[in-house]
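A.B. asks: start.txt is reproduced in full below (compact mmCIF, C-alpha atoms and all ligand atoms).
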# COMPACT_ATOMS: atom_id res chain seq x y z
CA MET P 1 142.76 75.05 -0.96
CA THR P 2 142.72 78.76 -0.26
CA GLU P 3 140.48 80.18 2.42
CA PRO P 4 137.09 81.47 1.26
CA VAL P 5 136.91 85.24 0.95
CA LEU P 6 133.40 85.22 2.42
CA GLU P 7 132.20 82.52 4.76
CA LEU P 8 128.83 82.37 6.50
CA SER P 9 128.53 79.69 9.15
CA ASN P 10 125.24 78.58 10.66
CA LEU P 11 123.57 81.99 10.58
CA HIS P 12 120.28 82.29 12.35
CA MET P 13 117.97 85.26 12.49
CA SER P 14 114.32 85.94 13.20
CA PHE P 15 111.86 88.81 13.30
CA GLY P 16 109.71 88.17 16.33
CA GLY P 17 108.53 84.61 15.84
CA LEU P 18 109.29 84.49 12.13
CA VAL P 19 112.54 82.64 11.39
CA VAL P 20 114.01 84.29 8.29
CA THR P 21 117.51 82.78 8.36
CA ASN P 22 117.64 79.17 9.45
CA ASP P 23 121.11 77.70 9.91
CA VAL P 24 122.48 79.18 6.70
CA SER P 25 126.06 78.44 5.69
CA LEU P 26 127.60 79.67 2.48
CA SER P 27 131.11 80.31 1.26
CA LEU P 28 132.54 82.21 -1.67
CA ALA P 29 136.03 81.63 -3.03
CA ILE P 30 138.10 84.35 -4.67
CA GLY P 31 136.52 85.13 -8.03
CA ALA P 32 133.28 83.25 -7.26
CA ARG P 33 130.25 83.81 -9.47
CA HIS P 34 127.55 82.67 -7.09
CA ALA P 35 123.82 83.27 -7.36
CA LEU P 36 121.41 83.19 -4.44
CA ILE P 37 117.87 82.51 -5.59
CA GLY P 38 114.56 81.74 -3.94
CA PRO P 39 110.93 82.86 -3.90
CA ASN P 40 109.80 86.25 -2.61
CA GLY P 41 110.21 86.39 1.15
CA ALA P 42 112.73 83.52 1.22
CA GLY P 43 115.14 85.66 3.24
CA LYS P 44 117.66 86.70 0.59
CA THR P 45 117.79 90.41 1.36
CA THR P 46 117.73 89.71 5.09
CA LEU P 47 120.79 87.53 4.58
CA VAL P 48 122.52 90.30 2.61
CA ASP P 49 121.74 92.72 5.43
CA GLN P 50 123.47 90.41 7.89
CA ILE P 51 126.52 90.13 5.63
CA THR P 52 126.79 93.90 5.26
CA GLY P 53 126.09 94.56 8.93
CA ARG P 54 122.70 96.28 8.72
CA LEU P 55 121.25 93.40 10.70
CA ARG P 56 122.88 91.27 13.36
CA PRO P 57 122.35 87.49 13.28
CA LEU P 58 121.19 85.87 16.50
CA ARG P 59 123.69 83.06 16.03
CA GLY P 60 126.43 82.08 13.65
CA THR P 61 129.49 83.79 12.23
CA ILE P 62 130.47 85.82 9.17
CA ARG P 63 134.08 85.85 8.05
CA LEU P 64 135.32 88.28 5.43
CA ALA P 65 138.84 88.07 4.04
CA GLY P 66 139.85 85.93 6.99
CA VAL P 67 138.40 88.27 9.64
CA ASP P 68 135.42 87.52 11.87
CA VAL P 69 133.18 90.51 11.06
CA THR P 70 130.02 89.21 12.76
CA ARG P 71 130.08 92.08 15.25
CA LEU P 72 131.82 94.73 13.18
CA PRO P 73 129.97 97.82 11.95
CA GLN P 74 129.23 98.29 8.25
CA HIS P 75 132.08 100.69 7.47
CA ARG P 76 134.68 98.26 8.82
CA ARG P 77 133.31 95.58 6.51
CA THR P 78 133.48 97.99 3.60
CA ARG P 79 137.09 98.68 4.42
CA LEU P 80 137.82 94.95 4.50
CA GLY P 81 136.55 94.69 0.92
CA LEU P 82 132.79 94.25 0.98
CA ALA P 83 130.65 96.23 -1.46
CA ARG P 84 126.98 96.00 -2.28
CA ASN P 85 125.15 97.68 -5.10
CA PHE P 86 123.88 101.09 -4.18
CA GLN P 87 120.36 102.13 -4.96
CA VAL P 88 119.79 105.00 -7.33
CA THR P 89 118.57 107.08 -4.42
CA ASN P 90 122.10 106.91 -3.00
CA LEU P 91 123.59 108.48 -6.09
CA PHE P 92 124.10 112.21 -6.31
CA SER P 93 121.73 112.41 -9.20
CA SER P 94 122.48 116.02 -10.11
CA PHE P 95 126.16 115.14 -10.49
CA SER P 96 127.56 113.35 -13.48
CA ALA P 97 128.14 109.62 -13.57
CA PHE P 98 131.85 110.29 -13.70
CA GLU P 99 131.72 112.59 -10.64
CA ASN P 100 129.84 109.94 -8.69
CA ILE P 101 132.47 107.35 -9.51
CA ALA P 102 135.35 109.72 -8.77
CA LEU P 103 133.82 110.62 -5.41
CA ALA P 104 133.65 106.94 -4.54
CA VAL P 105 137.30 106.48 -5.51
CA ALA P 106 138.30 109.50 -3.39
CA GLU P 107 136.23 108.22 -0.49
CA ARG P 108 137.92 104.84 -0.62
CA GLU P 109 141.29 106.52 -0.49
CA GLY P 110 140.20 108.62 2.48
CA ARG P 111 140.63 111.78 0.45
CA GLY P 112 137.46 113.57 1.45
CA LEU P 113 136.73 115.81 -1.48
CA SER P 114 133.95 118.20 -0.68
CA LEU P 115 131.14 118.47 -3.15
CA THR P 116 131.83 122.15 -3.66
CA SER P 117 135.49 121.67 -4.57
CA MET P 118 134.85 119.02 -7.13
CA ARG P 119 135.99 120.96 -10.13
CA GLY P 120 138.96 119.00 -11.23
CA PHE P 121 139.68 115.78 -9.40
CA PRO P 122 143.30 114.90 -8.65
CA SER P 123 144.55 113.20 -11.79
CA ASP P 124 145.07 109.78 -10.23
CA VAL P 125 141.49 109.82 -8.92
CA ALA P 126 140.22 110.90 -12.32
CA ASP P 127 142.26 108.19 -14.04
CA GLN P 128 140.84 105.47 -11.82
CA ALA P 129 137.31 106.78 -12.28
CA GLU P 130 137.79 106.80 -16.04
CA ASP P 131 139.06 103.23 -16.03
CA ILE P 132 136.01 102.09 -14.11
CA ALA P 133 133.63 104.10 -16.30
CA ARG P 134 135.18 102.52 -19.38
CA ARG P 135 134.94 99.02 -17.92
CA MET P 136 131.23 99.59 -17.23
CA HIS P 137 130.71 101.04 -20.73
CA LEU P 138 129.89 104.45 -19.29
CA ALA P 139 132.66 106.39 -21.00
CA GLU P 140 130.30 107.93 -23.55
CA VAL P 141 127.75 109.13 -21.01
CA GLY P 142 130.07 109.74 -18.06
CA HIS P 143 129.75 113.52 -18.33
CA ARG P 144 125.95 113.45 -18.16
CA ARG P 145 123.98 113.97 -14.98
CA VAL P 146 122.88 110.70 -13.45
CA SER P 147 119.29 111.94 -13.41
CA ASP P 148 119.42 112.31 -17.21
CA LEU P 149 120.57 108.74 -17.79
CA ALA P 150 118.29 105.84 -18.67
CA TYR P 151 117.50 103.56 -15.72
CA GLY P 152 119.68 100.81 -17.12
CA GLN P 153 122.63 103.17 -17.30
CA GLN P 154 121.96 104.35 -13.75
CA ARG P 155 122.29 100.73 -12.71
CA LEU P 156 125.66 100.61 -14.40
CA VAL P 157 126.69 103.68 -12.40
CA GLU P 158 125.68 101.82 -9.24
CA LEU P 159 127.89 98.90 -10.24
CA ALA P 160 130.72 101.31 -11.07
CA ILE P 161 130.49 102.95 -7.65
CA ALA P 162 130.64 99.56 -5.96
CA LEU P 163 133.70 98.75 -8.08
CA ALA P 164 135.35 102.02 -7.07
CA LEU P 165 135.63 100.58 -3.57
CA ARG P 166 137.96 97.93 -5.01
CA PRO P 167 136.02 95.19 -3.33
CA LYS P 168 137.03 91.61 -2.73
CA VAL P 169 133.36 90.67 -2.46
CA MET P 170 130.46 92.29 -4.30
CA ILE P 171 126.89 91.61 -3.30
CA LEU P 172 124.37 92.54 -5.95
CA ASP P 173 120.77 92.41 -4.79
CA GLU P 174 118.53 92.42 -7.86
CA PRO P 175 120.64 94.65 -10.11
CA ALA P 176 118.15 94.19 -12.96
CA ALA P 177 114.95 94.69 -10.92
CA GLY P 178 112.55 97.18 -12.42
CA LEU P 179 114.35 97.29 -15.76
CA PRO P 180 112.61 96.29 -18.96
CA ALA P 181 113.62 92.82 -20.13
CA GLY P 182 115.45 94.41 -23.05
CA ASP P 183 117.92 95.98 -20.60
CA HIS P 184 118.82 92.71 -18.91
CA ALA P 185 121.39 91.89 -21.55
CA MET P 186 123.14 95.16 -20.74
CA ILE P 187 123.31 94.24 -17.04
CA LEU P 188 124.55 90.75 -17.82
CA ASP P 189 127.16 92.22 -20.11
CA ALA P 190 128.32 94.51 -17.27
CA LEU P 191 128.43 91.58 -14.83
CA ASP P 192 130.62 89.74 -17.30
CA ARG P 193 133.11 92.58 -17.17
CA LEU P 194 133.56 92.63 -13.39
CA PRO P 195 137.18 91.95 -12.43
CA ILE P 196 137.88 88.25 -12.43
CA HIS P 197 139.25 88.08 -8.87
CA VAL P 198 136.22 89.74 -7.25
CA ALA P 199 133.84 87.25 -5.64
CA VAL P 200 130.29 88.09 -6.68
CA LEU P 201 127.09 87.07 -4.91
CA LEU P 202 124.16 87.83 -7.20
CA ILE P 203 120.56 87.83 -6.07
CA GLU P 204 118.18 87.92 -8.98
CA HIS P 205 114.76 86.69 -10.02
CA ASP P 206 115.51 86.73 -13.73
CA MET P 207 116.38 83.09 -14.33
CA PRO P 208 117.97 83.40 -17.77
CA LEU P 209 120.29 86.03 -16.29
CA VAL P 210 121.07 83.86 -13.25
CA PHE P 211 121.82 80.78 -15.30
CA ARG P 212 124.04 82.65 -17.69
CA PHE P 213 125.98 84.38 -14.93
CA ALA P 214 126.41 81.86 -12.14
CA ARG P 215 128.89 79.03 -11.82
CA GLU P 216 127.29 77.98 -8.54
CA ILE P 217 123.78 78.51 -7.21
CA THR P 218 122.34 78.38 -3.71
CA VAL P 219 118.58 78.12 -3.32
CA LEU P 220 116.91 79.58 -0.26
CA ALA P 221 113.31 78.86 0.75
CA GLU P 222 111.72 79.95 4.01
CA GLY P 223 115.11 80.93 5.37
CA MET P 224 116.72 77.57 4.66
CA VAL P 225 119.20 76.43 2.05
CA ILE P 226 117.28 73.77 0.13
CA ALA P 227 119.79 73.15 -2.64
CA ARG P 228 123.24 74.16 -3.79
CA GLY P 229 125.27 73.23 -6.80
CA ALA P 230 126.22 73.83 -10.38
CA PRO P 231 123.54 75.51 -12.52
CA GLU P 232 122.75 72.31 -14.45
CA ALA P 233 122.16 70.41 -11.21
CA ILE P 234 119.94 73.16 -9.81
CA ARG P 235 117.91 73.34 -12.99
CA GLY P 236 117.10 69.66 -12.72
CA ASP P 237 116.47 69.60 -8.94
CA GLU P 238 112.88 68.61 -8.27
CA ARG P 239 112.60 70.45 -4.94
CA VAL P 240 113.91 73.63 -6.51
CA ARG P 241 111.43 73.40 -9.34
CA THR P 242 108.62 72.97 -6.87
CA ALA P 243 109.77 75.74 -4.54
CA TYR P 244 110.73 78.23 -7.14
CA LEU P 245 111.50 77.63 -10.75
CA GLY P 246 108.22 75.93 -11.51
CA THR P 247 106.34 78.95 -10.32
CA ARG P 248 108.35 81.55 -12.15
CA SER P 249 109.66 80.16 -15.40
N1 LIG U 1 112.29 94.54 9.18
C1 LIG U 1 111.51 93.46 9.13
N2 LIG U 1 110.64 93.16 10.13
C2 LIG U 1 109.86 92.08 10.09
N3 LIG U 1 109.88 91.18 9.08
C3 LIG U 1 110.72 91.40 8.07
C4 LIG U 1 111.58 92.56 8.01
N4 LIG U 1 112.31 92.50 6.87
C5 LIG U 1 111.92 91.38 6.23
N5 LIG U 1 110.97 90.71 6.95
C6 LIG U 1 110.35 89.43 6.57
O1 LIG U 1 111.41 88.49 6.44
C7 LIG U 1 111.14 87.58 5.39
C8 LIG U 1 112.30 87.58 4.42
O2 LIG U 1 112.31 88.81 3.73
P1 LIG U 1 113.42 89.19 2.65
O3 LIG U 1 113.20 90.60 2.29
O4 LIG U 1 114.75 88.80 3.18
O5 LIG U 1 113.02 88.22 1.44
P2 LIG U 1 113.67 88.15 -0.03
O6 LIG U 1 114.07 86.73 -0.24
O7 LIG U 1 114.69 89.20 -0.20
O8 LIG U 1 112.38 88.45 -0.94
P3 LIG U 1 112.28 89.22 -2.36
O9 LIG U 1 112.65 88.21 -3.40
O10 LIG U 1 110.84 89.59 -2.45
O11 LIG U 1 113.19 90.41 -2.33
C9 LIG U 1 109.80 88.00 4.79
O12 LIG U 1 108.80 87.20 5.36
C10 LIG U 1 109.67 89.44 5.22
O13 LIG U 1 108.32 89.81 5.32
MG MG U 2 114.89 90.85 -1.47
Spell out the structure here as structure tokens.
Ligand SMILES: Nc1ncnc2c1ncn2[C@@H]1O[C@H](COP(=O)(O)OP(=O)(O)OP(=O)(O)O)[C@@H](O)[C@H]1O
Ligand SMILES: [Mg+2]

C.D. replies:
Amino acid sequence: MTEPVLELSNLHMSFGGLVVTNDVSLSLAIGARHALIGPNGAGKTTLVDQITGRLRPLRGTIRLAGVDVTRLPQHRRTRLGLARNFQVTNLFSSFSAFENIALAVAEREGRGLSLTSMRGFPSDVADQAEDIARRMHLAEVGHRRVSDLAYGQQRLVELAIALALRPKVMILDEPAAGLPAGDHAMILDALDRLPIHVAVLLIEHDMPLVFRFAREITVLAEGMVIARGAPEAIRGDERVRTAYLGTRS
């Protein structure tokens, strides 16, 4: 069996007296489609913050692509292949979707393009950005300012920027949050088009979306993993229904 591309072992974290991550272990294989679900306040985002390096666990280890990154800063983790979805506020909203993607490509390649010299990207950067835009179904609107796009399309730009980093692992914290239900199909459709080898950890409250996307689900409640398994098993798990599904679906 190949080594997991992301492996959390016995993570533990608290805010003051409140334990928010309680002995959490989780591993993602290459190409995983894994969903992390749980009620509000379960500790999902806190866990993501530990994986990306915004927060430091008190105990436990995080391995990314075979490297112990537990104590590495965020940018080193990015370079090792970790991407998370950006929030709209991180986008240059007066620039076009295409420019945002191309900037991310250039950044990954260490080719600091300044914002003022952006007229005309090097052709290989432009080609990569176009490929990604096409994959995310943004080709038609790529030339429009991000601020002029519908929210759903802005979310696709966020996914495209994460993809521009050529990640091995993508962490998507509520990519459909705040969108009307009618836009969820568009997000699911985009998730379906992520490259097959990228391991994806999806955090989402929309259960139809989760169950259509995930091949494996981990359920977190009060900082603890209370269940893990194939979607059918999770759907039928009594404790999960009580802790979560029963209250939301
Ligand atoms: N910076 C912080 N300081 C103190 N407590 C915090 C901080 N960030 C989060 N918490 C608490 O940690 C717990 C876990 O929060 P977290 O945001 O990880 O939950 P979540 O599972 O992502 O919830 P949601 O589904 O609502 O996004 C909550 O009780 C929250 O109030
Ligand atoms: Mg959260």

A.B. asks: Got a sec to check which residues lie within 10 Å of ligand MG 2 (chain U), using all atoms listed in the file, and send them as a list in words?

C.D. replies: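 Selection of residues at most 10 Å from ligand MG 2 (chain U): Ile37, Gly38, Pro39, Asn40, Gly41, Ala42, Gly43, Lys44, Thr45, Thr46, Leu47, Val48, Asp49, Asp173, Glu174, Ile203, Glu204 and His205 of chain P.
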
A.B. asks: Return the single residue from P:Arg166, P:His184, P:Arg145, P:His12 that is closest to His197 of chain P, with distances computed using all atoms listed in the file.

C.D. replies: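 Under the stated criterion, the closest residue is P:Arg166.
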
A.B. asks: Pick the closest to Leu194 of chain P from P:Arg56, P:Ile101, P:Ala227, P:Arg33: which is it, counting all atoms listed in the file?

C.D. replies: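 The closest residue to Leu194 of chain P is P:Arg33.
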
A.B. asks: Select, from P:Asp148, P:Glu107, P:Glu232, P:Asp206, the residue with the minimum atom-to-atom distance to ligand LIG 1 (chain U), counting all atoms listed in the file.

C.D. replies: P:Asp206

A.B. asks: Enter the distance from atom CA of Pro208 of chain P to atom CA of Ala35 of chain P, in Å, rounded to one decimal.

C.D. replies: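 Result for atom CA of Pro208 of chain P versus atom CA of Ala35 of chain P: 11.9 Å, one decimal.
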
A.B. asks: Using only C-alpha atoms, find the one residue out of P:Glu7, P:Glu216, P:Glu99, P:Asp23 that sits nearest to Ile62 of chain P.

C.D. replies: P:Glu7

A.B. asks: Around all of ligand LIG 1 (chain U)'s listed atoms, make the axis-aligned box with 4 Å on each side and tell me centre and edge lengths in Å to one decimal, as lines of an AutoDock Vina configuration file.

C.D. replies:
center_x = 111.5
center_y = 90.6
center_z = 3.4
size_x = 14.4
size_y = 15.8
size_z = 21.5

A.B. asks: In Å to one decimal, how far is atom N3 of ligand LIG 1 (chain U) from atom CA of Leu18 of chain P?

C.D. replies: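 Answer for the atom CA of Leu18 of chain P to atom N3 of ligand LIG 1 (chain U) separation: 7.4 Å.
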
A.B. asks: Measure the distance from atom CA of Met186 of chain P to atom CA of Leu26 of chain P in Å and round it to one decimal.

C.D. replies: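 A separation of 28.3 Å between them.
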
A.B. asks: I'd like the neighbourhood of Asp192 of chain P as number ranges by chain, where a residue qualifies if any of its atoms comes within 12 Å (using only C-alpha atoms), though same-chain residues fewer than 6 positions away should be ignored.

C.D. replies: P: 31, 33, 135-137, 159, 185-186, 198, 200, 209-210, 212-214

A.B. asks: Since we have the selection now, will you write its residues out, keeping C-alpha atoms, as a PDB file, keeping the file's coordinate frame?

C.D. replies:
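Result file follows (out-v2.pdb):
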ATOM      1  CA  GLY P  31     136.520  85.130  -8.030  1.00  0.00           C
ATOM      2  CA  ARG P  33     130.250  83.810  -9.470  1.00  0.00           C
ATOM      3  CA  ARG P 135     134.940  99.020 -17.920  1.00  0.00           C
ATOM      4  CA  MET P 136     131.230  99.590 -17.230  1.00  0.00           C
ATOM      5  CA  HIS P 137     130.710 101.040 -20.730  1.00  0.00           C
ATOM      6  CA  LEU P 159     127.890  98.900 -10.240  1.00  0.00           C
ATOM      7  CA  ALA P 185     121.390  91.890 -21.550  1.00  0.00           C
ATOM      8  CA  MET P 186     123.140  95.160 -20.740  1.00  0.00           C
ATOM      9  CA  VAL P 198     136.220  89.740  -7.250  1.00  0.00           C
ATOM     10  CA  VAL P 200     130.290  88.090  -6.680  1.00  0.00           C
ATOM     11  CA  LEU P 209     120.290  86.030 -16.290  1.00  0.00           C
ATOM     12  CA  VAL P 210     121.070  83.860 -13.250  1.00  0.00           C
ATOM     13  CA  ARG P 212     124.040  82.650 -17.690  1.00  0.00           C
ATOM     14  CA  PHE P 213     125.980  84.380 -14.930  1.00  0.00           C
ATOM     15  CA  ALA P 214     126.410  81.860 -12.140  1.00  0.00           C
TER      16      ALA P 214
END

A.B. asks: Which of these, P:Leu103, P:Ala177, P:Leu165, P:Ala139, has the shortest distance to ligand LIG 1 (chain U) once you count only C-alpha atoms and all ligand atoms?

C.D. replies: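 Once distances to ligand LIG 1 (chain U) are computed over only C-alpha atoms and all ligand atoms, the minimum belongs to P:Ala177.
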
A.B. asks: For Arg228 of chain P, please output as a count of residues only all residues within 8 Å (counting all atoms listed in the file; exclusion window: fewer than 5 positions along the same chain).

C.D. replies: 5

A.B. asks: Measuring atom to atom with all atoms listed in the file, identify which of P:Pro180, P:Gly60, P:Pro73, P:Gly223 is nearest to ligand LIG 1 (chain U).

C.D. replies: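 Checking each of P:Pro180, P:Gly60, P:Pro73, P:Gly223 against ligand LIG 1 (chain U), counting all atoms listed in the file, the winner is P:Gly223.
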
A.B. asks: Near segment 152-157 of chain P, counting all atoms listed in the file, which residues have an atom at most 9 Å away, once you skip same-chain residues fewer than 3 positions from it, shown as a ChimeraX atom specification?

C.D. replies: /P:85-88,91,97-98,100-101,133,136-138,141-142,146-147,149,160-162,175-176,179-180,183-184,186-187,190
